[in-house]
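S.K.: Data: upload.pdb, PDB, C-alpha atoms.
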MODEL        1
ATOM      1  CA  GLU A 291       0.000   0.000   0.000
ATOM      2  CA  LYS A 292       1.325   3.437  -0.930
ATOM      3  CA  THR A 293       1.886   5.662   2.079
ATOM      4  CA  PHE A 294       2.390   9.406   2.367
ATOM      5  CA  LYS A 295       6.173   9.047   2.599
ATOM      6  CA  ASP A 296       6.154   7.252  -0.774
ATOM      7  CA  THR A 297       4.600  10.272  -2.497
ATOM      8  CA  ILE A 298       7.334  12.839  -1.790
ATOM      9  CA  ASP A 299       8.789  14.033  -5.105
ATOM     10  CA  GLY A 300      12.532  14.474  -5.446
ATOM     11  CA  ALA A 301      13.371  12.593  -2.271
ATOM     12  CA  LYS A 302      16.495  10.470  -2.252
ATOM     13  CA  TYR A 303      15.833   9.023   1.193
ATOM     14  CA  VAL A 304      12.721   9.217   3.359
ATOM     15  CA  GLN A 305      12.985   7.897   6.885
ATOM     16  CA  ALA A 306       9.869   7.492   9.014
ATOM     17  CA  GLU A 307      10.187   7.544  12.791
ATOM     18  CA  TYR A 308       7.981   7.638  15.863
ATOM     19  CA  LEU A 309       8.990  10.213  18.424
ATOM     20  CA  SER A 310       7.202  11.055  21.665
ATOM     21  CA  ASP A 311       8.119  12.832  24.901
ATOM     22  CA  SER A 312       6.515  11.672  28.135
ATOM     23  CA  TYR A 313       7.130  10.742  31.751
ATOM     24  CA  PHE A 314       9.183   7.587  32.319
ATOM     25  CA  THR A 315       9.694   5.746  35.584
ATOM     26  CA  LEU A 316      13.194   4.773  36.722
ATOM     27  CA  ASP A 317      13.892   3.213  40.123
ATOM     28  CA  GLY A 318      10.541   4.479  41.354
ATOM     29  CA  LYS A 319      11.290   8.051  40.260
ATOM     30  CA  ILE A 320       9.516  10.024  37.534
ATOM     31  CA  ILE A 321      11.839  11.388  34.831
ATOM     32  CA  GLU A 322      11.305  13.221  31.539
ATOM     33  CA  GLY A 323      12.108  11.013  28.568
ATOM     34  CA  ARG A 324      11.920  10.754  24.807
ATOM     35  CA  GLU A 325      10.938   7.556  22.991
ATOM     36  CA  ASN A 326      12.291   7.269  19.447
ATOM     37  CA  ILE A 327      11.428   4.272  17.253
ATOM     38  CA  ARG A 328      13.654   4.431  14.179
ATOM     39  CA  PRO A 329      15.887   2.460  11.795
ATOM     40  CA  MET A 330      19.299   1.487  13.104
ATOM     41  CA  ASP A 331      20.819   0.395   9.794
ATOM     42  CA  ASP A 332      24.193   1.661   8.584
ATOM     43  CA  ASP A 333      22.530   3.689   5.815
ATOM     44  CA  SER A 334      19.887   5.338   8.013
ATOM     45  CA  ILE A 335      19.609   9.123   8.230
ATOM     46  CA  ASN A 336      21.404  10.450  11.342
ATOM     47  CA  LYS A 337      23.026   7.067  11.802
ATOM     48  CA  LEU A 338      23.426   6.067  15.437
ATOM     49  CA  SER A 339      26.961   5.097  16.471
ATOM     50  CA  LEU A 340      27.386   2.675  19.346
ATOM     51  CA  TYR A 341      29.297   4.166  22.261
ATOM     52  CA  GLU A 342      28.936   1.336  24.772
ATOM     53  CA  GLY A 343      27.038  -1.947  25.061
ATOM     54  CA  ARG A 344      25.002  -3.240  22.116
ATOM     55  CA  PHE A 345      21.970  -2.438  19.989
ATOM     56  CA  PRO A 346      18.472  -3.728  20.908
ATOM     57  CA  ALA A 347      17.620  -7.346  20.104
ATOM     58  CA  SER A 348      13.866  -7.115  20.858
ATOM     59  CA  LYS A 349      11.046  -4.619  21.295
ATOM     60  CA  ASP A 350      11.638  -4.647  25.056
ATOM     61  CA  GLU A 351      15.208  -3.385  24.742
ATOM     62  CA  CYS A 352      16.504   0.085  23.950
ATOM     63  CA  VAL A 353      19.661   2.158  23.767
ATOM     64  CA  ALA A 354      20.010   5.596  25.307
ATOM     65  CA  LEU A 355      21.687   8.779  24.109
ATOM     66  CA  THR A 356      25.119   9.199  25.712
ATOM     67  CA  PHE A 357      24.264  12.362  27.655
ATOM     68  CA  SER A 358      21.891  10.229  29.725
ATOM     69  CA  SER A 359      24.836   8.307  31.178
ATOM     70  CA  THR A 360      26.838  11.422  32.096
ATOM     71  CA  SER A 361      24.174  12.420  34.621
ATOM     72  CA  ASN A 362      24.382   8.962  36.241
ATOM     73  CA  ILE A 363      20.644   8.585  35.790
ATOM     74  CA  ILE A 364      20.769   5.677  33.363
ATOM     75  CA  LYS A 365      23.112   2.710  33.292
ATOM     76  CA  ILE A 366      23.369  -0.357  31.070
ATOM     77  CA  GLY A 367      20.955  -2.849  32.583
ATOM     78  CA  SER A 368      18.624  -0.153  33.924
ATOM     79  CA  SER A 369      14.903  -0.819  33.619
ATOM     80  CA  ILE A 370      12.813   2.077  32.372
ATOM     81  CA  TYR A 371       9.030   1.961  32.436
ATOM     82  CA  ILE A 372       7.311   3.655  29.507
ATOM     83  CA  ASN A 373       3.505   3.580  29.622
ATOM     84  CA  ASN A 374       3.844   0.973  32.393
ATOM     85  CA  GLU A 375       5.875  -1.329  30.136
ATOM     86  CA  GLU A 376       9.367  -2.365  31.238
ATOM     87  CA  LYS A 377      12.200  -1.600  28.794
ATOM     88  CA  LYS A 378      15.812  -2.645  29.388
ATOM     89  CA  VAL A 379      18.694  -0.311  28.487
ATOM     90  CA  VAL A 380      21.354  -2.382  26.667
ATOM     91  CA  GLY A 381      23.656   0.319  25.335
ATOM     92  CA  PHE A 382      24.537   3.966  24.773
ATOM     93  CA  VAL A 383      24.741   5.704  21.397
ATOM     94  CA  ASN A 384      25.761   8.989  19.820
ATOM     95  CA  ASP A 385      23.210  10.675  17.561
ATOM     96  CA  PRO A 386      24.390  13.423  15.146
ATOM     97  CA  PHE A 387      20.974  15.067  15.456
ATOM     98  CA  TYR A 388      21.892  16.279  18.952
ATOM     99  CA  LEU A 389      24.676  18.849  18.733
ATOM    100  CA  CYS A 390      25.216  19.415  22.453
ATOM    101  CA  SER A 391      25.701  17.127  25.423
ATOM    102  CA  ASN A 392      22.774  18.603  27.343
ATOM    103  CA  GLY A 393      20.167  16.662  25.438
ATOM    104  CA  ASP A 394      17.168  18.559  24.160
ATOM    105  CA  ALA A 395      14.264  20.692  25.290
ATOM    106  CA  THR A 396      10.834  19.155  25.837
ATOM    107  CA  ASN A 397       7.309  20.271  26.691
ATOM    108  CA  VAL A 398       7.207  17.684  29.495
ATOM    109  CA  GLY A 399       8.012  18.461  33.125
ATOM    110  CA  ASP A 400      10.749  21.048  33.741
ATOM    111  CA  GLY A 401      11.491  21.321  30.007
ATOM    112  CA  ASN A 402      14.755  19.351  30.059
ATOM    113  CA  LEU A 403      15.019  15.748  28.938
ATOM    114  CA  ASP A 404      16.611  13.289  31.349
ATOM    115  CA  VAL A 405      16.944  10.548  28.747
ATOM    116  CA  VAL A 406      16.466   9.872  25.047
ATOM    117  CA  THR A 407      15.740   6.225  24.265
ATOM    118  CA  TYR A 408      15.914   4.475  20.884
ATOM    119  CA  PHE A 409      14.041   1.374  19.766
ATOM    120  CA  ASP A 410      14.697  -0.548  16.551
ATOM    121  CA  GLU A 411      11.790  -0.133  14.124
ATOM    122  CA  LYS A 412      12.102  -3.710  12.830
ATOM    123  CA  PHE A 413      10.480  -4.897  16.060
ATOM    124  CA  PHE A 414       7.493  -2.563  15.507
ATOM    125  CA  PRO A 415       5.988  -3.542  12.112
ATOM    126  CA  ASP A 416       2.734  -1.651  12.760
ATOM    127  CA  MET A 417       4.400   1.567  13.899
ATOM    128  CA  ASN A 418       2.562   4.826  13.299
ATOM    129  CA  TYR A 419       5.208   7.396  12.446
ATOM    130  CA  SER A 420       5.192  10.992  13.664
ATOM    131  CA  VAL A 421       8.425  12.274  12.082
ATOM    132  CA  LEU A 422       9.774  12.196   8.530
ATOM    133  CA  ARG A 423      13.437  12.814   7.817
ATOM    134  CA  ILE A 424      14.028  13.577   4.136
ATOM    135  CA  VAL A 425      17.172  13.828   2.024
ATOM    136  CA  TYR A 426      16.564  15.343  -1.436
ATOM    137  CA  HIS A 427      18.576  14.406  -4.528
ATOM    138  CA  ASP A 428      19.835  17.919  -5.285
ATOM    139  CA  SER A 429      20.086  19.410  -1.776
ATOM    140  CA  TYR A 430      23.838  18.794  -1.571
ATOM    141  CA  ARG A 431      24.417  21.391  -4.302
ATOM    142  CA  LEU A 432      23.420  24.244  -1.986
ATOM    143  CA  ASN A 433      25.225  25.879   0.908
ATOM    144  CA  SER A 434      23.109  25.207   3.990
ATOM    145  CA  PHE A 435      23.786  28.745   5.269
ATOM    146  CA  SER A 436      22.693  30.477   2.049
ATOM    147  CA  SER A 437      19.393  32.176   1.234
ATOM    148  CA  ASP A 438      19.012  29.838  -1.759
ATOM    149  CA  TYR A 439      19.075  26.870   0.595
ATOM    150  CA  SER A 440      16.460  28.479   2.864
ATOM    151  CA  LYS A 441      14.227  29.150  -0.133
ATOM    152  CA  TYR A 442      14.713  25.587  -1.406
ATOM    153  CA  ILE A 443      13.866  24.036   1.974
ATOM    154  CA  ASN A 444      10.805  26.251   2.495
ATOM    155  CA  GLU A 445       9.467  25.209  -0.916
ATOM    156  CA  LYS A 446       9.936  21.535   0.010
ATOM    157  CA  ILE A 447       8.229  22.060   3.369
ATOM    158  CA  ASN A 448       5.227  23.637   1.635
ATOM    159  CA  LEU A 449       4.973  20.727  -0.811
ATOM    160  CA  VAL A 450       5.178  18.161   1.981
ATOM    161  CA  SER A 451       2.535  20.054   3.987
ATOM    162  CA  GLN A 452       0.171  20.091   0.997
ATOM    163  CA  GLY A 453       0.671  16.367   0.432
ATOM    164  CA  LYS A 454       0.095  15.718   4.119
ATOM    165  CA  GLN A 455      -3.262  17.498   4.034
ATOM    166  CA  GLN A 456      -4.317  15.482   0.980
ATOM    167  CA  MET A 457      -3.420  12.217   2.717
ATOM    168  CA  ILE A 458      -5.265  13.304   5.876
ATOM    169  CA  SER A 459      -8.380  14.055   3.818
ATOM    170  CA  LYS A 460      -8.155  10.670   2.099
ATOM    171  CA  ARG A 461      -7.701   8.901   5.428
ATOM    172  CA  LEU A 462     -10.744  10.683   6.879
ATOM    173  CA  GLU A 463     -12.836   9.519   3.925
ATOM    174  CA  ASP A 464     -11.603   5.957   4.463
ATOM    175  CA  ILE A 465     -12.590   6.142   8.125
ATOM    176  CA  LYS A 466     -16.030   7.543   7.282
ATOM    177  CA  SER A 467     -16.556   4.776   4.701
ATOM    178  CA  THR A 468     -15.598   2.129   7.246
ATOM    179  CA  ILE A 469     -18.019   3.607   9.791
ATOM    180  CA  ARG A 470     -20.830   3.603   7.205
ATOM    181  CA  ASP A 471     -20.079  -0.013   6.255
ATOM    182  CA  GLU A 472     -20.022  -1.103   9.897
ATOM    183  CA  ALA A 473     -23.274   0.757  10.576
ATOM    184  CA  THR A 474     -24.923  -0.905   7.559
ATOM    185  CA  LYS A 475     -23.706  -4.305   8.741
ATOM    186  CA  ALA A 476     -25.057  -3.719  12.263
ATOM    187  CA  VAL A 477     -28.461  -2.576  10.956
ATOM    188  CA  LYS A 478     -28.642  -5.597   8.624
ATOM    189  CA  GLU A 479     -27.876  -7.989  11.488
ATOM    190  CA  ASN A 480     -30.566  -6.383  13.666
ATOM    191  CA  ILE A 481     -33.167  -6.670  10.879
ATOM    192  CA  ILE A 482     -32.310 -10.317  10.262
ATOM    193  CA  GLN A 483     -32.571 -11.152  13.962
ATOM    194  CA  SER A 484     -35.885  -9.308  14.279
ATOM    195  CA  LEU A 485     -37.322 -11.215  11.298
ATOM    196  CA  LYS A 486     -36.124 -14.519  12.747
ATOM    197  CA  ASP A 487     -37.754 -13.676  16.068
ATOM    198  CA  ILE A 488     -41.167 -13.351  14.410
ATOM    199  CA  GLY A 489     -40.752 -16.610  12.473
ATOM    200  CA  VAL A 490     -39.861 -15.372   8.993
ATOM    201  CA  SER A 491     -38.161 -18.104   6.927
ATOM    202  CA  THR A 492     -34.541 -17.890   5.823
ATOM    203  CA  GLU A 493     -35.570 -17.583   2.159
ATOM    204  CA  GLU A 494     -38.018 -14.781   2.904
ATOM    205  CA  ILE A 495     -35.388 -12.967   4.999
ATOM    206  CA  ALA A 496     -32.900 -13.139   2.107
ATOM    207  CA  ASN A 497     -35.505 -11.658  -0.268
ATOM    208  CA  ILE A 498     -36.327  -8.862   2.175
ATOM    209  CA  ILE A 499     -32.661  -7.970   2.736
ATOM    210  CA  ASP A 500     -31.985  -7.986  -1.003
ATOM    211  CA  GLY A 501     -34.899  -5.630  -1.485
ATOM    212  CA  ILE A 502     -33.688  -3.253   1.212
ATOM    213  CA  LEU A 503     -30.122  -3.127  -0.101
ATOM    214  CA  ALA A 504     -31.074  -2.948  -3.795
TER
ENDMDL
END
For this file, produce the structure as C-alpha cells.
M.R.:
Amino acid sequence: EKTFKDTIDGAKYVQAEYLSDSYFTLDGKIIEGRENIRPMDDDSINKLSLYEGRFPASKDECVALTFSSTSNIIKIGSSIYINNEEKKVVGFVNDPFYLCSNGDATNVGDGNLDVVTYFDEKFFPDMNYSVLRIVYHDSYRLNSFSSDYSKYINEKINLVSQGKQQMISKRLEDIKSTIRDEATKAVKENIIQSLKDIGVSTEEIANIIDGILA
C-alpha cells in the first residue's frame, strides 16, 4: 500500500520515525524522557553510532543517548518503564541530530530531557510514524547557510505540507466509509434477527434484505 512518505517528489531518502516525549519511571522516580522508534541500519539518516554496550535485540530493549549516562541517571541494565511497560537499556549511542551534550528541550516536566531512548523499528511492524526525515537528490548542491538553501527548503516544506493534508483528507474519507459499512452491517444484522424472532423463513429474509439493499 502506498503511504504518504512514498509520495514525496525528489526525495532520495525518506525515513519514518515515531517520536514522543513523556514521563518515564526509573527506580521508582519520575523522569522526563523521549521515545524514538527508528531504523538502526548503517545507511539510516542520522546514523546512530554505538558508544557502549550493544543495539536492541527485541522490542523490550533500547539504547540511550550518551548524555543520559553522564548524569548517572541511566546505566546499562537499567529498567525504564514507559507507559507501564518495562524496557531494558542495553547500550549507549551517539546521535548526530543532537549537537550538544545537554540533550534537548521538551514540553514535558521542567522542560529538560533526562533521557532519550531508541528502539529498533524492525520490532514494531505496525508503527505509526510521527516524524519524517528527508534527504533530497539535489540538496547537496546548496550551501546550507545560504538564502538559496532556505528558499529551497521552504518550498519543500510547503509541498510536503500540501501532500500531508491530501493524505489526511483521504484517510478521513476511508474512516467515514468504514463507519458507514459497519453501521450498515449492524443494521442488517438487527433486521435479520428481528425477522427470525417473528418466524420469517430464511428464504423470505434473504428476499427482504436484497430488497432493502437494492
S.K.: Could you expand the PyMOL selection byres ((chain A and resi 338) around 6) into the explicit residues it covers here, written as a list in words?
M.R.: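 Answer for the PyMOL selection byres ((chain A and resi 338) around 6): Lys337, Ser339, Asn384 and Asp385 of chain A.
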S.K.: Point out the residue among A:Asp404, A:Asp428, A:Glu322, A:Glu479 with the least atom-to-atom distance to Ile495 (chain A), counting only C-alpha atoms.
M.R.: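 So, comparing all the options, the nearest one is A:Glu479.
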S.K.: One number please: CA of Glu351 (chain A) to CA of Thr407 (chain A), in Å, one decimal.
M.R.: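 If I compute the distance from CA of Glu351 (chain A) to CA of Thr407 (chain A), I get 9.6 Å.
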S.K.: Find the residue from A:Pro329, A:Pro386, A:Gly367, A:Gly401 that sits nearest to Arg344 (chain A); use all atoms listed in the file when measuring.
M.R.: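 Among A:Pro329, A:Pro386, A:Gly367, A:Gly401, it is A:Gly367 that comes nearest to Arg344 (chain A).
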S.K.: Since I can't run it myself right now, could you work out what the PyMOL selection byres ((chain A and resi 403) around 10) selects here and report it as an NGL selection string?
M.R.: :A and (311-313 or 321-324 or 357-358 or 392-402 or 404-406)
